[in-house]
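Student: Provided below: entry_18.csv, containing CSV, C-alpha atoms and all ligand atoms.
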```csv
chain,number,residue,atom,x,y,z
A,17,MET,CA,71.0,104.4,92.6
A,18,SER,CA,74.5,103.0,92.6
A,19,LYS,CA,77.2,104.1,95.0
A,20,HIS,CA,79.5,105.2,92.1
A,21,GLN,CA,78.9,105.6,88.4
A,22,TYR,CA,81.4,105.1,85.6
A,23,ALA,CA,80.6,107.4,82.7
A,24,MET,CA,82.0,108.2,79.3
A,25,VAL,CA,82.1,111.5,77.4
A,26,MET,CA,82.7,111.5,73.6
A,27,ASP,CA,83.7,114.7,71.9
A,28,LEU,CA,82.0,114.4,68.5
A,29,ASN,CA,84.2,117.1,67.0
A,30,LYS,CA,87.2,114.8,67.1
A,31,CYS,CA,85.7,111.5,65.7
A,32,LEU,CA,87.3,110.4,62.5
A,33,GLY,CA,84.9,107.6,61.7
A,34,CYS,CA,87.8,105.3,61.5
A,35,GLN,CA,86.0,102.4,63.4
A,36,THR,CA,89.1,101.5,65.4
A,37,CYS,CA,87.0,101.5,68.5
A,38,THR,CA,84.5,99.2,66.8
A,39,ILE,CA,87.2,96.7,65.9
A,40,ALA,CA,88.9,96.9,69.3
A,41,CYS,CA,85.6,96.0,70.9
A,42,LYS,CA,84.7,93.3,68.4
A,43,LYS,CA,88.1,91.6,68.7
A,44,LEU,CA,87.9,91.7,72.5
A,45,TRP,CA,84.3,90.7,73.2
A,46,THR,CA,82.3,89.6,70.1
A,47,ASP,CA,84.2,87.2,68.0
A,48,ARG,CA,82.5,84.1,69.4
A,49,ASP,CA,79.8,82.0,67.6
A,50,GLY,CA,76.5,83.8,67.1
A,51,THR,CA,78.1,87.3,67.6
A,52,GLY,CA,78.9,88.0,63.9
A,53,TYR,CA,76.4,90.8,63.5
A,54,MET,CA,76.9,92.3,67.0
A,55,TYR,CA,78.7,95.6,67.5
A,56,TRP,CA,78.6,96.5,71.1
A,57,ASN,CA,80.4,99.7,70.0
A,58,ASN,CA,79.3,101.0,66.6
A,59,VAL,CA,80.0,104.3,64.9
A,60,GLU,CA,77.2,105.6,62.6
A,61,THR,CA,77.2,108.4,60.2
A,62,ARG,CA,74.6,111.1,61.1
A,63,PRO,CA,72.1,111.8,59.6
A,64,GLY,CA,71.5,108.3,58.6
A,65,LEU,CA,69.5,105.2,59.4
A,66,GLY,CA,71.8,104.0,62.1
A,67,TYR,CA,72.5,100.5,63.5
A,68,PRO,CA,70.3,98.7,63.9
A,69,ARG,CA,68.5,100.3,61.0
A,70,GLN,CA,66.0,103.0,62.3
A,71,TRP,CA,66.7,102.3,65.9
A,72,ASP,CA,65.7,105.7,67.0
A,73,ARG,CA,62.4,106.0,65.1
A,74,ILE,CA,59.2,104.8,66.7
A,75,GLY,CA,58.5,101.2,65.8
A,76,GLY,CA,61.9,100.5,64.3
A,77,GLY,CA,65.0,98.9,65.7
A,78,TYR,CA,65.1,95.3,64.8
A,79,ASP,CA,66.8,95.2,61.4
A,80,TYR,CA,70.5,94.6,62.1
A,81,GLY,CA,71.2,93.2,58.7
A,82,HIS,CA,73.3,90.1,58.4
A,83,ALA,CA,77.0,89.4,58.8
A,84,TRP,CA,78.2,88.6,55.3
A,85,GLU,CA,81.1,86.6,53.8
A,86,TYR,CA,83.4,86.8,50.8
A,87,ASP,CA,84.5,83.8,48.8
A,88,TYR,CA,88.1,84.6,48.2
A,89,GLU,CA,88.9,81.1,47.2
A,90,GLN,CA,87.2,81.4,43.8
A,91,ARG,CA,89.4,84.4,42.8
A,92,LEU,CA,92.7,83.3,44.4
A,93,PHE,CA,92.7,79.6,43.8
A,94,GLU,CA,90.0,78.8,41.2
A,95,GLY,CA,91.2,81.4,38.8
A,96,ARG,CA,87.7,83.0,38.3
A,97,ARG,CA,88.0,86.6,37.1
A,98,LYS,CA,84.7,87.9,38.6
A,99,PRO,CA,85.0,90.5,41.3
A,100,VAL,CA,84.7,89.1,44.8
A,101,MET,CA,81.2,89.9,46.0
A,102,PRO,CA,79.7,89.6,49.5
A,103,PHE,CA,77.1,87.0,50.2
A,104,PRO,CA,74.3,86.8,51.2
A,105,GLU,CA,73.7,90.1,49.3
A,106,PRO,CA,73.8,92.8,52.1
A,107,GLN,CA,70.7,94.9,52.5
A,108,SER,CA,71.8,96.8,55.6
A,109,GLY,CA,74.5,96.6,58.2
A,110,VAL,CA,76.7,98.5,60.6
A,111,ASN,CA,77.3,102.1,59.4
A,112,TRP,CA,75.5,101.2,56.2
A,113,ASP,CA,75.2,104.8,54.9
A,114,GLU,CA,78.7,105.7,55.7
A,115,ASP,CA,79.5,109.4,54.9
A,116,VAL,CA,76.3,110.0,53.0
A,117,GLY,CA,74.9,112.6,55.4
A,118,GLY,CA,72.4,115.3,54.4
A,119,MET,CA,72.1,118.6,52.7
A,120,ASN,CA,71.6,122.0,54.3
A,121,GLY,CA,70.9,124.4,51.4
A,122,SER,CA,73.7,123.7,49.0
A,123,GLU,CA,76.1,122.4,51.7
A,124,ASN,CA,76.5,118.7,52.5
A,125,TYR,CA,77.0,117.8,56.1
A,126,PHE,CA,77.6,114.8,58.3
A,127,PHE,CA,79.2,113.7,61.5
A,128,TYR,CA,80.1,110.5,63.2
A,129,LEU,CA,78.2,109.2,66.3
A,130,PRO,CA,79.9,106.4,68.2
A,131,ARG,CA,77.5,104.4,70.4
A,132,ILE,CA,77.8,102.0,73.2
A,133,CYS,CA,75.3,100.9,75.9
A,134,ASN,CA,74.7,104.0,78.0
A,135,HIS,CA,74.8,102.1,81.3
A,136,CYS,CA,71.7,104.1,82.2
A,137,THR,CA,70.8,105.2,85.7
A,138,TYR,CA,67.3,103.9,85.2
A,139,PRO,CA,67.8,101.1,82.6
A,140,ALA,CA,64.7,100.1,80.7
A,141,CYS,CA,66.3,96.8,79.8
A,142,LEU,CA,66.6,95.9,83.5
A,143,GLU,CA,63.0,96.9,84.2
A,144,ALA,CA,61.8,94.7,81.3
A,145,CYS,CA,63.6,91.5,82.2
A,146,PRO,CA,61.2,89.1,84.0
A,147,ARG,CA,64.1,86.8,85.0
A,148,LYS,CA,66.1,89.6,86.7
A,149,ALA,CA,69.0,88.6,84.6
A,150,ILE,CA,70.1,92.2,84.1
A,151,TYR,CA,71.5,94.2,87.0
A,152,LYS,CA,73.3,97.4,87.7
A,153,ARG,CA,76.4,96.9,89.7
A,154,GLU,CA,76.0,98.8,92.9
A,155,GLU,CA,79.7,99.5,93.1
A,156,ASP,CA,80.3,101.2,89.8
A,157,GLY,CA,76.9,101.6,88.0
A,158,ILE,CA,77.8,99.3,85.1
A,159,VAL,CA,74.8,97.4,83.7
A,160,VAL,CA,75.5,93.7,83.1
A,161,LEU,CA,73.5,90.7,81.9
A,162,ASP,CA,73.9,87.4,83.7
A,163,GLN,CA,74.3,84.8,81.0
A,164,ASP,CA,73.2,82.0,83.4
A,165,ARG,CA,70.0,83.6,84.3
A,166,CYS,CA,69.0,84.8,80.8
A,167,GLN,CA,66.4,82.7,79.1
A,168,GLY,CA,66.4,84.6,75.8
A,169,TYR,CA,63.0,86.2,76.2
A,170,ARG,CA,64.3,89.4,74.5
A,171,TYR,CA,62.1,91.8,76.3
A,172,CYS,CA,65.3,93.8,77.1
A,173,ILE,CA,65.9,94.3,73.4
A,174,GLN,CA,62.4,95.6,72.9
A,175,ALA,CA,62.7,97.9,75.9
A,176,CYS,CA,66.1,99.5,75.4
A,177,PRO,CA,65.4,102.8,73.6
A,178,TYR,CA,68.9,102.8,72.2
A,179,LYS,CA,68.7,99.2,70.9
A,180,LYS,CA,72.0,98.3,72.5
A,181,ILE,CA,71.2,94.7,73.4
A,182,TYR,CA,71.8,91.9,71.0
A,183,PHE,CA,70.5,88.3,70.7
A,184,ASN,CA,72.9,85.4,70.3
A,185,GLU,CA,71.0,82.9,68.3
A,186,VAL,CA,73.6,80.2,68.9
A,187,ALA,CA,73.6,80.6,72.7
A,188,GLY,CA,69.9,81.6,72.9
A,189,LYS,CA,70.9,84.4,75.2
A,190,SER,CA,71.0,88.2,75.1
A,191,GLU,CA,74.3,90.1,75.2
A,192,LYS,CA,75.5,93.6,75.7
A,193,CYS,CA,78.4,96.0,76.2
A,194,ILE,CA,79.9,95.5,79.7
A,195,PHE,CA,81.8,98.8,79.8
A,196,CYS,CA,85.0,96.7,79.8
A,197,TYR,CA,84.6,96.1,83.5
A,198,PRO,CA,87.3,93.4,83.7
A,199,ARG,CA,89.7,96.1,82.4
A,200,LEU,CA,88.5,98.8,84.7
A,201,GLU,CA,88.9,96.5,87.7
A,202,LYS,CA,92.6,96.2,86.8
A,203,GLY,CA,92.9,100.0,86.4
A,204,GLU,CA,92.9,99.9,82.6
A,205,VAL,CA,90.5,102.1,80.5
A,206,ASN,CA,87.9,100.6,78.1
A,207,ALA,CA,89.4,99.2,75.0
A,208,CYS,CA,87.4,101.5,72.7
A,209,ALA,CA,88.8,104.5,74.5
A,210,ALA,CA,92.4,103.1,74.7
A,211,GLN,CA,92.5,102.5,71.0
A,212,CYS,CA,90.8,105.7,69.7
A,213,PRO,CA,93.3,107.7,67.6
A,214,GLY,CA,91.0,110.7,67.8
A,215,ARG,CA,91.4,110.7,71.6
A,216,LEU,CA,87.8,111.8,72.0
A,217,ARG,CA,86.7,109.5,74.8
A,218,PHE,CA,86.9,110.6,78.4
A,219,VAL,CA,86.3,108.0,81.1
A,220,GLY,CA,85.9,108.3,84.9
A,221,LEU,CA,83.5,108.2,87.8
A,222,LEU,CA,80.8,110.9,87.5
A,223,ASP,CA,80.9,111.4,91.2
A,224,ASP,CA,84.7,111.8,91.4
A,225,PRO,CA,85.3,115.6,91.3
A,226,GLU,CA,88.8,115.1,89.8
A,227,SER,CA,87.5,112.9,86.9
A,228,PRO,CA,87.3,114.5,83.4
A,229,VAL,CA,83.7,113.3,83.0
A,230,HIS,CA,82.7,115.0,86.2
A,231,LYS,CA,84.3,118.2,85.0
A,232,LEU,CA,82.8,118.1,81.5
A,233,VAL,CA,79.3,117.0,82.4
A,234,LEU,CA,78.7,118.5,85.8
A,235,VAL,CA,81.0,121.4,86.2
A,236,HIS,CA,81.3,122.9,82.6
A,237,LYS,CA,78.1,121.3,81.4
A,238,MET,CA,79.6,120.7,78.0
A,239,ALA,CA,78.3,117.2,77.3
A,240,LEU,CA,74.8,115.9,76.8
A,241,PRO,CA,73.1,112.5,76.6
A,242,LEU,CA,71.6,111.2,73.4
A,243,TYR,CA,67.7,111.4,73.4
A,244,PRO,CA,67.5,112.6,77.0
A,245,GLU,CA,63.7,112.5,76.8
A,246,ARG,CA,63.6,108.7,76.7
A,247,GLY,CA,64.0,108.9,80.5
A,248,THR,CA,66.6,106.3,81.2
A,249,GLN,CA,69.2,108.8,82.2
A,250,PRO,CA,72.2,107.7,80.1
A,251,ASN,CA,75.7,107.8,81.5
A,252,VAL,CA,77.3,108.3,78.1
A,253,PHE,CA,77.5,111.9,77.1
A,254,TYR,CA,78.4,113.8,73.9
A,255,VAL,CA,80.1,117.1,73.2
A,256,PRO,CA,77.9,118.2,70.3
A,257,PRO,CA,79.5,118.6,66.8
A,258,PHE,CA,80.7,122.1,66.3
A,259,ASN,CA,81.1,122.6,62.6
A,260,PRO,CA,82.1,126.0,61.2
A,261,PRO,CA,79.5,128.2,59.6
A,262,LYS,CA,78.7,127.8,56.0
A,263,ARG,CA,81.4,128.7,53.5
A,264,GLU,CA,80.2,132.2,52.6
A,265,ASN,CA,79.7,133.2,56.2
A,266,TYR,CA,82.9,132.4,58.1
A,267,GLY,CA,82.7,135.6,60.2
A,268,LYS,CA,79.3,134.8,61.6
A,269,SER,CA,78.3,132.9,64.7
A,270,ILE,CA,77.6,129.2,64.3
A,271,LEU,CA,74.2,129.7,65.7
A,272,GLU,CA,73.4,132.3,63.1
A,273,ASP,CA,74.3,130.2,60.1
A,274,PRO,CA,74.7,126.6,61.1
A,275,ARG,CA,76.1,124.1,58.7
A,276,LEU,CA,74.5,121.3,60.8
A,277,PRO,CA,70.8,122.2,61.2
A,278,LEU,CA,70.3,123.1,64.8
A,279,ASP,CA,66.9,121.4,64.8
A,280,TYR,CA,68.6,118.1,64.0
A,281,LEU,CA,71.0,118.6,66.9
A,282,VAL,CA,68.1,119.5,69.2
A,283,GLN,CA,66.3,116.4,68.2
A,284,LEU,CA,69.4,114.3,69.1
A,285,PHE,CA,70.6,116.0,72.3
A,286,GLY,CA,67.7,118.1,73.5
A,287,PRO,CA,67.2,121.9,73.6
A,288,GLU,CA,70.2,122.4,75.9
A,289,VAL,CA,72.4,121.8,72.9
A,290,LYS,CA,72.1,125.4,71.7
A,291,GLY,CA,73.6,126.7,75.0
A,292,VAL,CA,76.5,124.2,74.8
A,293,ILE,CA,77.3,125.3,71.2
A,294,SER,CA,77.2,129.0,72.3
A,295,GLN,CA,79.5,128.2,75.2
A,296,LEU,CA,81.9,126.3,73.0
A,297,GLU,CA,82.0,129.2,70.6
A,298,ALA,CA,82.7,131.6,73.4
A,299,GLU,CA,85.6,129.4,74.7
A,300,LEU,CA,87.1,129.2,71.2
A,301,LYS,CA,86.9,132.9,70.8
A,302,LYS,CA,88.6,133.4,74.2
A,303,ALA,CA,91.4,131.1,73.1
A,304,GLN,CA,91.8,132.7,69.7
A,305,GLU,CA,92.2,136.1,71.4
A,306,GLY,CA,95.0,134.7,73.5
A,307,GLY,CA,93.0,133.9,76.6
A,308,LYS,CA,93.1,130.6,78.5
A,309,SER,CA,90.3,128.2,78.2
A,310,GLU,CA,90.1,125.4,80.7
A,311,VAL,CA,87.4,123.7,78.8
A,312,LEU,CA,89.4,123.5,75.6
A,313,GLN,CA,92.5,122.4,77.4
A,314,LEU,CA,90.4,119.5,78.8
A,315,LEU,CA,88.8,118.7,75.5
A,316,ILE,CA,92.1,118.6,73.7
A,317,GLY,CA,93.0,115.8,76.1
A,318,ARG,CA,96.6,115.4,75.1
A,319,ASP,CA,97.5,112.9,77.8
A,320,ALA,CA,95.8,109.8,79.0
A,321,GLU,CA,96.0,111.1,82.6
A,322,VAL,CA,93.7,114.0,81.5
A,323,ARG,CA,91.3,111.8,79.6
A,324,TYR,CA,90.9,108.9,82.0
A,325,ARG,CA,90.6,108.5,85.7
A,326,ILE,CA,90.0,104.8,86.6
A,327,ARG,CA,89.6,104.2,90.3
A,328,PRO,CA,89.5,100.5,91.1
A,329,GLU,CA,90.6,101.3,94.7
A,330,LEU,CA,87.5,103.5,95.1
A,331,VAL,CA,85.0,101.1,93.5
A,332,GLN,CA,86.0,97.9,95.4
A,333,ILE,CA,84.0,95.2,93.7
A,334,LYS,CA,82.8,92.5,96.1
A,335,ALA,CA,84.0,89.0,95.2
B,401,LIG,S1,71.3,101.8,76.9
B,401,LIG,FE1,69.8,100.2,76.8
B,401,LIG,S2,70.9,98.3,77.3
B,401,LIG,FE2,72.1,100.0,78.0
B,401,LIG,S3,71.5,100.3,80.2
B,401,LIG,FE3,70.3,101.8,78.9
B,401,LIG,S4,68.4,100.6,78.5
B,401,LIG,FE4,69.9,99.1,79.2
B,402,LIG,S1,88.3,105.1,67.2
B,402,LIG,FE1,87.8,107.1,67.9
B,402,LIG,S2,88.0,108.4,66.1
B,402,LIG,FE2,87.9,106.3,65.4
B,402,LIG,S3,85.7,106.0,65.0
B,402,LIG,FE3,86.0,105.3,67.1
B,402,LIG,S4,85.5,107.1,68.4
B,402,LIG,FE4,85.8,107.8,66.2
```
Give the structure from this file in C-alpha cells form.
Tutor:
Amino acid sequence: MSKHQYAMVMDLNKCLGCQTCTIACKKLWTDRDGTGYMYWNNVETRPGLGYPRQWDRIGGGYDYGHAWEYDYEQRLFEGRRKPVMPFPEPQSGVNWDEDVGGMNGSENYFFYLPRICNHCTYPACLEACPRKAIYKREEDGIVVLDQDRCQGYRYCIQACPYKKIYFNEVAGKSEKCIFCYPRLEKGEVNACAAQCPGRLRFVGLLDDPESPVHKLVLVHKMALPLYPERGTQPNVFYVPPFNPPKRENYGKSILEDPRLPLDYLVQLFGPEVKGVISQLEAELKKAQEGGKSEVLQLLIGRDAEVRYRIRPELVQIKA
C-alpha cells in the first residue's frame, strides 16, 4: 500500500466524446516510433467493442487494429480524382464504433467512456512481471514501467484486466500511462484533465480530505470503479451516466424507466451503481426545488481549484 494515492474521477454525464484528452495525451507521450497505435488515454463509445477490441470480454483484448496512413500526395499533387482512402484498410481501431451505441426498446442510447490506466492498488500488471520492471511509486501510488528493466515479455499486457499496457515493437518494450507524473511533480494537473473542455475530470490524492476525489469517492460515494470484481482496486472512478427517462416518461424516476439499461451499468460498475443513480436523482430533485446540493456544486466543477488538488509538497518524491 502506498503512502499516498493519486486518483481521478470522471463524470460520464459531462463527456462530449470530443477526444481532446486523447490527443493531448498522444501529443505529449506517444508520438515516438512504435507508438502509432497506442492511446494511453482513449475514449470509447459504450456499448461497443472498445479499444483494444473486446478488451473486457473473456479471452479478448489483443486486437488493437493498426495505425493507418493517407496518401494525400496523389490527390493534391498527382491530380488523381479518387477519394483519399486510408491504408492498410482499417479493420478496427480506437473508438471504432463511434456513436453507434445500442437500442433499448425503440430508443437508441450510448455514452462515452474515457479510459486511462487505473493505477490500481493491487496491479495485476506488476504481479505478472518476472523482471520487476513495473512498480508502484510508494510516494503517490502511480504505477510506472521501468524501460531499462523491461525485456518485452508482455506478461503485463496479458495480466491487466483493463488492457492498458501497450507493446512498442520498435523498442521491444512495454509502455503505459504514467498519470502525467512529471506534470504532477511540478504542481500541474494531468494533460488529459487540463485540456478537457467537458471539465469532467477531478484529480487529487484519495487520502487528502480536501481533495475533490476524496469527497466524491469516499465521502459522497458518487463514483465507482470500472469492473470492480476484477480485484485490482482501480484508482480511476466514474460517476455513472445519468440519462433522462425515455421520451414518453419524463415524469418518472430514472430507475423506473431507464433509457440506459440498468443491467448494462451494473455489468460495468457493479451493483452499487443503482444506489448512486438514486442518490444523483435525489440531489437533482433537491436542487430543482431550490435546495442546495453540495454534490452537484462539486460535480459542476466550475473552477480548476475545485476540480484539482495537486500536492507535490505532500508527496515529496525521493530523488
Ligand atoms: S489498469 Fe492495468 S496497467 Fe494499470 S495498474 Fe491496473 S493492472 Fe496495471
Ligand atoms: S476531452 Fe473531456 S469531454 Fe472530450 S472526450 Fe475527453 S474526457 Fe470527454
Student: Go through chain A and flag each residue having an atom no more than 9 Å from ligand LIG 401 (chain B); for those, report the closest pair of atoms plus their distance in Å to one decimal, using only C-alpha atoms and all ligand atoms, ordered by chain and rising number, as a tab-separated table.
Tutor:
```
residue	atom	partner	partner_atom	distance
A:Ile132	CA	B:LIG401	S1	7.5
A:Cys133	CA	B:LIG401	FE2	3.9
A:Asn134	CA	B:LIG401	S1	4.2
A:His135	CA	B:LIG401	S3	3.9
A:Cys136	CA	B:LIG401	FE3	4.3
A:Thr137	CA	B:LIG401	S3	7.4
A:Tyr138	CA	B:LIG401	FE3	7.3
A:Pro139	CA	B:LIG401	S4	4.2
A:Ala140	CA	B:LIG401	S4	4.3
A:Cys141	CA	B:LIG401	FE4	4.3
A:Leu142	CA	B:LIG401	FE4	6.3
A:Glu143	CA	B:LIG401	S4	8.7
A:Ile150	CA	B:LIG401	FE4	8.5
A:Lys152	CA	B:LIG401	S3	8.2
A:Ile158	CA	B:LIG401	S3	8.0
A:Val159	CA	B:LIG401	S3	5.6
A:Val160	CA	B:LIG401	S3	8.2
A:Cys172	CA	B:LIG401	S2	7.2
A:Ile173	CA	B:LIG401	S2	7.5
A:Ala175	CA	B:LIG401	S4	6.8
A:Cys176	CA	B:LIG401	S4	4.0
A:Pro177	CA	B:LIG401	FE1	6.0
A:Tyr178	CA	B:LIG401	FE1	5.4
A:Lys179	CA	B:LIG401	FE1	6.1
A:Lys180	CA	B:LIG401	S2	4.9
A:Ile181	CA	B:LIG401	S2	5.3
A:Lys192	CA	B:LIG401	S2	6.8
A:Cys193	CA	B:LIG401	FE2	7.7
A:Thr248	CA	B:LIG401	FE3	6.3
A:Gln249	CA	B:LIG401	FE3	7.8
A:Pro250	CA	B:LIG401	FE3	6.3
A:Asn251	CA	B:LIG401	FE3	8.5
A:Val252	CA	B:LIG401	S1	8.9
```
Student: Please indicate the distance in Å from atom CA of A:Arg327 to atom CA of A:Cys41, rounded to one decimal place.
Tutor: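 Straight-line distance from atom CA of A:Arg327 to atom CA of A:Cys41 works out to 21.4 Å.
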Student: Using 9 Å as the limit and counting all atoms listed in the file, can you tabulate each residue of chain A that touches ligand LIG 402 (chain B), with its shortest atom-to-atom distance in Å and the two atoms involved, as CSV?
Tutor:
```
residue,atom,partner,partner_atom,distance
A:Met26,CA,B:LIG402,S4,7.4
A:Asp27,CA,B:LIG402,S4,8.6
A:Leu28,CA,B:LIG402,FE4,8.0
A:Lys30,CA,B:LIG402,S2,6.5
A:Cys31,CA,B:LIG402,FE4,3.7
A:Leu32,CA,B:LIG402,S2,4.2
A:Gly33,CA,B:LIG402,S3,3.8
A:Cys34,CA,B:LIG402,FE2,4.0
A:Gln35,CA,B:LIG402,S3,4.0
A:Thr36,CA,B:LIG402,S1,4.1
A:Cys37,CA,B:LIG402,S1,4.0
A:Thr38,CA,B:LIG402,FE3,6.3
A:Ile39,CA,B:LIG402,S1,8.6
A:Ala40,CA,B:LIG402,S1,8.5
A:Asn57,CA,B:LIG402,FE3,8.4
A:Asn58,CA,B:LIG402,FE3,8.0
A:Val59,CA,B:LIG402,S3,5.9
A:Glu60,CA,B:LIG402,S3,8.8
A:Tyr128,CA,B:LIG402,FE4,7.0
A:Leu129,CA,B:LIG402,FE4,7.7
A:Pro130,CA,B:LIG402,S4,5.6
A:Arg131,CA,B:LIG402,S4,8.7
A:Cys208,CA,B:LIG402,S1,6.6
A:Ala209,CA,B:LIG402,FE1,7.2
A:Ala210,CA,B:LIG402,S1,8.8
A:Gln211,CA,B:LIG402,S1,6.2
A:Cys212,CA,B:LIG402,S1,3.6
A:Pro213,CA,B:LIG402,FE1,5.5
A:Gly214,CA,B:LIG402,S2,4.1
A:Arg215,CA,B:LIG402,FE1,6.3
A:Leu216,CA,B:LIG402,FE1,6.2
A:Arg217,CA,B:LIG402,S4,6.9
```
Student: Just to confirm, what's the straight-line distance from atom CA of A:Ala144 to atom CA of A:Tyr171 in Å (one decimal)?
Tutor: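 Going from atom CA of A:Ala144 over to atom CA of A:Tyr171, I get 5.8 Å.
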Student: A:Glu272: which residues within 12 Å, counting all atoms listed in the file, same-chain residues fewer than 6 positions away excluded, as a ChimeraX atom specification?
Tutor: /A:260-262,265-266,278,290,293-294,297
Student: Write the residues you've just listed into a file as a CSV table (one decimal), in the coordinates of the input, and include C-alpha atoms for each of them.
Tutor:
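Final output, saved to again.csv:
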```
chain,number,residue,atom,x,y,z
A,260,PRO,CA,82.1,126.0,61.2
A,261,PRO,CA,79.5,128.2,59.6
A,262,LYS,CA,78.7,127.8,56.0
A,265,ASN,CA,79.7,133.2,56.2
A,266,TYR,CA,82.9,132.4,58.1
A,278,LEU,CA,70.3,123.1,64.8
A,290,LYS,CA,72.1,125.4,71.7
A,293,ILE,CA,77.3,125.3,71.2
A,294,SER,CA,77.2,129.0,72.3
A,297,GLU,CA,82.0,129.2,70.6
```
Student: Taking 3 positions as the minimum chain separation for residues in the same chain, which residues sit within 12 Å of A:Gly118 when counting all atoms listed in the file? Answer as a ChimeraX atom specification.
Tutor: /A:61-65,113-115,121-127,275-277,280
Student: Residues at most 10 Å from A:Val255, counting only C-alpha atoms, excluding those fewer than 4 positions away in the same chain, as a list in words?
Tutor: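 That gives Val25, Met26, Asp27, Leu28, Asn29, Lys30, Leu216, Leu232, Val233, Lys237, Met238, Ala239, Leu240, Pro241, Phe285, Val289, Val292, Ile293, Leu296 and Leu315 of chain A.
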Student: Which of these residues is nearest to A:Leu312, using all atoms listed in the file: A:Arg153, A:His236, A:Arg97, A:His20?
Tutor: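 For A:Leu312, the nearest of the given residues is A:His236.
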Student: To one decimal in Å, tell me the separation between atom CA of A:Gln313 and atom CA of A:Ala23.
Tutor: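 Distance reported for this atom pair: 19.9 Å.
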Student: Which residues come within 9 Å of A:Ser309, counting all atoms listed in the file, excluding same-chain residues fewer than 6 positions away, as a list in words?
Tutor: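 Here the answer would be Glu299, Leu300, Lys302 and Ala303 of chain A.
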Student: Which is closer to A:Ala187 than all the others in A:Glu94, A:Val311, A:Asp49, A:Gly291, using all atoms listed in the file?
Tutor: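 For A:Ala187, the nearest of the candidates is A:Asp49.
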Student: Between A:Ala83, A:Glu201, A:Gly66, A:Val116, which one has atoms that come closest to A:Pro102, using all atoms listed in the file?
Tutor: A:Ala83
Student: Just want the 8 Å neighbourhood of A:Arg165, counted on all atoms listed in the file, with same-chain residues fewer than 4 positions away dropped. Output as a list in words.
Tutor: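 What passes the distance filter is Arg147, Lys148 and Ala149 of chain A.
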Student: Go ahead and write the selection's residues with C-alpha atoms as an mmCIF file, keeping the file's coordinate frame.
Tutor:
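result22.cif was written with the following content:
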```
data_model
loop_
_atom_site.group_PDB
_atom_site.id
_atom_site.type_symbol
_atom_site.label_atom_id
_atom_site.label_comp_id
_atom_site.auth_asym_id
_atom_site.auth_seq_id
_atom_site.Cartn_x
_atom_site.Cartn_y
_atom_site.Cartn_z
ATOM 1 C CA ARG A 147 64.100 86.800 85.000
ATOM 2 C CA LYS A 148 66.100 89.600 86.700
ATOM 3 C CA ALA A 149 69.000 88.600 84.600
#
```
Student: For A:Met54, which residue out of A:Glu191, A:Glu155, A:Asp72, A:Asp87 is the nearest one, using all atoms listed in the file?
Tutor: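 Looking only at the distances to A:Met54, the closest residue turns out to be A:Glu191.
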Student: Ranking A:Gly81, A:Arg73, A:Thr51, A:Asp164 by minimum distance to A:Val186 and counting all atoms listed in the file, which one comes first?
Tutor: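 Distance minimum relative to A:Val186 lands on A:Thr51.
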Student: So, counting only C-alpha atoms, which residue among A:Val229, A:Val331, A:Val235, A:Leu284 is closest to A:Pro256?
Tutor: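 Of A:Val229, A:Val331, A:Val235, A:Leu284, the one nearest A:Pro256 is A:Leu284, counting only C-alpha atoms.
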Student: Can you rebuild stretch 126-137 of chain A with N, CA and C atoms and give it as a PDB file, keeping the file's coordinate frame?
Tutor:
```pdb
ATOM      1  N   PHE A 126      77.738 115.996  57.510  1.00  0.00           N
ATOM      2  CA  PHE A 126      77.600 114.800  58.300  1.00  0.00           C
ATOM      3  C   PHE A 126      78.551 114.781  59.431  1.00  0.00           C
ATOM      4  N   PHE A 127      78.278 113.937  60.413  1.00  0.00           N
ATOM      5  CA  PHE A 127      79.200 113.700  61.500  1.00  0.00           C
ATOM      6  C   PHE A 127      79.088 112.295  61.981  1.00  0.00           C
ATOM      7  N   TYR A 128      80.067 111.862  62.773  1.00  0.00           N
ATOM      8  CA  TYR A 128      80.100 110.500  63.200  1.00  0.00           C
ATOM      9  C   TYR A 128      79.559 110.409  64.673  1.00  0.00           C
ATOM     10  N   LEU A 129      78.776 109.380  64.933  1.00  0.00           N
ATOM     11  CA  LEU A 129      78.200 109.200  66.300  1.00  0.00           C
ATOM     12  C   LEU A 129      78.581 107.803  66.790  1.00  0.00           C
ATOM     13  N   PRO A 130      79.602 107.723  67.640  1.00  0.00           N
ATOM     14  CA  PRO A 130      79.900 106.400  68.200  1.00  0.00           C
ATOM     15  C   PRO A 130      78.916 106.075  69.318  1.00  0.00           C
ATOM     16  N   ARG A 131      78.516 104.810  69.373  1.00  0.00           N
ATOM     17  CA  ARG A 131      77.500 104.400  70.400  1.00  0.00           C
ATOM     18  C   ARG A 131      77.901 103.134  71.095  1.00  0.00           C
ATOM     19  N   ILE A 132      77.725 103.176  72.413  1.00  0.00           N
ATOM     20  CA  ILE A 132      77.800 102.000  73.200  1.00  0.00           C
ATOM     21  C   ILE A 132      76.574 101.910  74.100  1.00  0.00           C
ATOM     22  N   CYS A 133      76.428 100.869  74.913  1.00  0.00           N
ATOM     23  CA  CYS A 133      75.300 100.900  75.900  1.00  0.00           C
ATOM     24  C   CYS A 133      75.581 102.078  76.817  1.00  0.00           C
ATOM     25  N   ASN A 134      74.524 102.758  77.205  1.00  0.00           N
ATOM     26  CA  ASN A 134      74.700 104.000  78.000  1.00  0.00           C
ATOM     27  C   ASN A 134      74.781 103.730  79.509  1.00  0.00           C
ATOM     28  N   HIS A 135      74.688 102.485  79.923  1.00  0.00           N
ATOM     29  CA  HIS A 135      74.800 102.100  81.300  1.00  0.00           C
ATOM     30  C   HIS A 135      73.899 103.116  82.164  1.00  0.00           C
ATOM     31  N   CYS A 136      72.645 103.164  81.713  1.00  0.00           N
ATOM     32  CA  CYS A 136      71.700 104.100  82.200  1.00  0.00           C
ATOM     33  C   CYS A 136      71.482 104.056  83.734  1.00  0.00           C
ATOM     34  N   THR A 137      71.129 105.207  84.307  1.00  0.00           N
ATOM     35  CA  THR A 137      70.800 105.200  85.700  1.00  0.00           C
ATOM     36  C   THR A 137      69.499 104.496  85.988  1.00  0.00           C
TER      37      THR A 137
END
```
